[in-house]
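Undergrad: Have a look at the structure that comes next, please.
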Amino acid sequence: MKKSIGVIIGFVCLVFLSLAFTAAEQPKYKNLKVLPKNTNKEQLDSVMHHFSMSLGVKCNFCHVFNQEQKSMDFASDANEHKGVARMMMKMTNGINKRYFHIKDVKNLTTKLEVTCYTCHNGKTEPAHTAGFMPHGPGGTPPGPMIMDHPDSTKHN
């Protein structure tokens, strides 16, 4: 009897030890419609950080706060900006695939040519007109301008 109890206790300990050394499964996120379903925490954090920096916003720009749970409800679609972000992701994926021949735009480690920052430059709305450049494209030219060169002469 004592031997069988010892075997059972040993087996239970072995099960608990094996569970302790098993790698914790990455969280599965709810409501991923454009990002791959197997997106892990590191990848999702990277994507969200990119959105935040590219648009100069915080999480609550696209996500809603759940008053009952006193936390962000990241799965909710209640904020319209989340839907816009999804459309923009589809648009940039299409541009990268069609014009830059990036085959796997949903691979979150792929270097993309067109991203949110391409148009948004840290602002919630992309610019609709070019900014003012006092010295033309490229900024201040290197060295003196031709007109100011000592060898230039008046055309009389």
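All residue names refer to the structure tokens as shown: chains lettered A, B, ... in order, residues numbered from 1 in each chain, ligands numbered from 1 in order.
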Run DSSP on the backbone of this structure and report the residues of region 76-106 of chain A it assigns to alpha helix (DSSP H), as JSON, numbers by chain.

TA: {"A": [80, 81, 82, 83, 84, 85, 86, 87, 88, 89, 90, 91, 92, 93, 94, 95, 96, 97, 98, 99]}

Undergrad: Show me, as CSV, the residues of region 62-81 of chain A having an atom within 12 Å of region 35-52 of chain A, each with the closest atom pair and its distance in Å, using only C-alpha atoms.

TA:
residue,atom,partner,partner_atom,distance
A:Cys62,CA,A:Ser52,CA,9.8
A:His63,CA,A:Met48,CA,11.1
A:Phe74,CA,A:Met48,CA,11.1
A:His81,CA,A:Phe51,CA,11.7

Undergrad: Those same residues - N, CA and C atoms - I'd like them written as an mmCIF file, in the first residue's frame.

TA:
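Result written to selection.cif:
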data_model
loop_
_atom_site.group_PDB
_atom_site.id
_atom_site.type_symbol
_atom_site.label_atom_id
_atom_site.label_comp_id
_atom_site.auth_asym_id
_atom_site.auth_seq_id
_atom_site.Cartn_x
_atom_site.Cartn_y
_atom_site.Cartn_z
ATOM 1 N N CYS A 62 -7.141 53.846 -31.305
ATOM 2 C CA CYS A 62 -7.856 52.785 -32.031
ATOM 3 C C CYS A 62 -8.632 51.843 -31.115
ATOM 4 N N HIS A 63 -8.244 51.759 -29.863
ATOM 5 C CA HIS A 63 -8.851 50.811 -28.939
ATOM 6 C C HIS A 63 -9.709 51.539 -27.910
ATOM 7 N N PHE A 74 -8.876 45.422 -26.166
ATOM 8 C CA PHE A 74 -8.169 45.431 -27.442
ATOM 9 C C PHE A 74 -8.926 44.680 -28.540
ATOM 10 N N HIS A 81 -11.510 54.033 -35.678
ATOM 11 C CA HIS A 81 -10.125 54.116 -36.143
ATOM 12 C C HIS A 81 -9.505 52.730 -36.338
#

Undergrad: Which residue is closest to Thr118 (chain A)? Choose from A:Val34, A:Phe65, A:Gly83, A:Met53 and count only C-alpha atoms.

TA: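 With only C-alpha atoms as the atom set, the closest residue is A:Met53.
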
Undergrad: Could you tell me which of A:Val114, A:Thr129, A:Lys82, A:Asn121 comes closest to His101 (chain A) if we count only C-alpha atoms?

TA: A:Val114

Undergrad: Using only C-alpha atoms, pick whichever of A:Gln67, A:Thr115, A:Thr109, A:Ser54 has the shortest atom-to-atom distance to Asn96 (chain A).

TA: A:Thr115

Undergrad: Which of these, A:Lys70, A:His128, A:Thr92, A:Lys33, has the shortest distance to Glu113 (chain A) once you count only C-alpha atoms?

TA: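 Among A:Lys70, A:His128, A:Thr92, A:Lys33, it is A:Thr92 that comes nearest to Glu113 (chain A).
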
Undergrad: Contacts of Val105 (chain A) at 10 Å or less, counting only C-alpha atoms, minus same-chain residues fewer than 2 places along, as a compact mmCIF listing (two decimals) with N, CA, C and O atoms, in the first residue's frame?

TA:
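The result, stored in result_26.txt:
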# COMPACT_ATOMS: atom_id res chain seq x y z
N LEU A 35 -3.90 40.90 -39.47
CA LEU A 35 -2.67 40.27 -39.00
C LEU A 35 -2.87 38.75 -38.96
O LEU A 35 -3.98 38.28 -38.76
N MET A 89 -3.90 48.90 -43.56
CA MET A 89 -2.98 47.75 -43.62
C MET A 89 -3.19 46.97 -44.92
O MET A 89 -2.21 46.58 -45.57
N LYS A 90 -4.43 46.77 -45.31
CA LYS A 90 -4.72 46.07 -46.58
C LYS A 90 -4.18 46.87 -47.76
O LYS A 90 -3.63 46.30 -48.71
N THR A 92 -1.61 49.12 -47.79
CA THR A 92 -0.14 49.08 -47.85
C THR A 92 0.34 47.68 -48.23
O THR A 92 1.32 47.55 -48.97
N ASN A 93 -0.35 46.64 -47.76
CA ASN A 93 0.01 45.28 -48.17
C ASN A 93 -0.13 45.13 -49.68
O ASN A 93 0.74 44.55 -50.33
N GLY A 94 -1.22 45.65 -50.23
CA GLY A 94 -1.43 45.58 -51.68
C GLY A 94 -0.37 46.33 -52.46
O GLY A 94 0.13 45.84 -53.47
N ILE A 95 -0.02 47.52 -51.99
CA ILE A 95 1.03 48.32 -52.67
C ILE A 95 2.35 47.58 -52.62
O ILE A 95 3.06 47.47 -53.63
N ASN A 96 2.72 47.06 -51.45
CA ASN A 96 4.00 46.35 -51.32
C ASN A 96 4.04 45.10 -52.18
O ASN A 96 5.07 44.78 -52.78
N LYS A 97 2.94 44.41 -52.27
CA LYS A 97 2.88 43.18 -53.05
C LYS A 97 2.93 43.47 -54.55
O LYS A 97 3.69 42.85 -55.29
N HIS A 101 6.89 43.87 -55.19
CA HIS A 101 7.01 42.43 -55.36
C HIS A 101 7.38 41.70 -54.06
O HIS A 101 8.16 40.75 -54.08
N ILE A 102 6.83 42.17 -52.97
CA ILE A 102 7.03 41.49 -51.69
C ILE A 102 5.99 40.38 -51.64
O ILE A 102 4.79 40.63 -51.64
N LYS A 103 6.47 39.15 -51.63
CA LYS A 103 5.58 38.00 -51.75
C LYS A 103 4.74 37.75 -50.51
O LYS A 103 3.56 37.47 -50.59
N ASN A 107 3.99 38.30 -43.45
CA ASN A 107 5.10 37.85 -42.62
C ASN A 107 5.60 39.07 -41.86
O ASN A 107 6.12 40.01 -42.45
N LEU A 108 5.42 39.07 -40.56
CA LEU A 108 5.70 40.26 -39.76
C LEU A 108 7.18 40.57 -39.60
O LEU A 108 7.54 41.55 -38.98
N THR A 109 8.05 39.74 -40.20
CA THR A 109 9.48 40.05 -40.16
C THR A 109 9.96 40.57 -41.51
O THR A 109 11.13 40.88 -41.67
N THR A 110 9.06 40.68 -42.47
CA THR A 110 9.41 41.16 -43.81
C THR A 110 9.66 42.66 -43.78
O THR A 110 8.92 43.42 -43.16
N LYS A 111 10.70 43.10 -44.47
CA LYS A 111 10.98 44.54 -44.59
C LYS A 111 10.05 45.07 -45.67
O LYS A 111 10.13 44.66 -46.83
N LEU A 112 9.16 45.98 -45.28
CA LEU A 112 8.20 46.54 -46.23
C LEU A 112 8.71 47.87 -46.77
O LEU A 112 9.39 48.61 -46.07

Undergrad: State, in Å with one decimal place, the distance from CA of Gly131 (chain A) to CA of Tyr117 (chain A).

TA: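 Between these atoms lies a distance of 16.0 Å.
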
Undergrad: Rank A:Lys28, A:Ser76, A:Thr124, A:Arg98 by their smallest atom-to-atom distance to Phe61 (chain A), using only C-alpha atoms, and report the top residue only.

TA: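 Nearest to Phe61 (chain A): A:Thr124.
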
Undergrad: Which value, in Å to one decimal, gives the distance between CA of Pro126 (chain A) and CA of Ala78 (chain A)?

TA: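 Interatomic distance, CA of Pro126 (chain A) to CA of Ala78 (chain A): 23.1 Å.
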
Undergrad: Using only C-alpha atoms, can you tell me which of A:Asn60, A:Phe100, A:Leu55, A:Gln69 comes closest to Ala127 (chain A)?

TA: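 Smallest separation from Ala127 (chain A) among the options: A:Leu55.
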
Undergrad: Quick one: residues within 8 Å of Ala75 (chain A), only C-alpha atoms counted, chain neighbours fewer than 2 positions away excluded, as number ranges by chain?

TA: A: 29-31, 73, 77
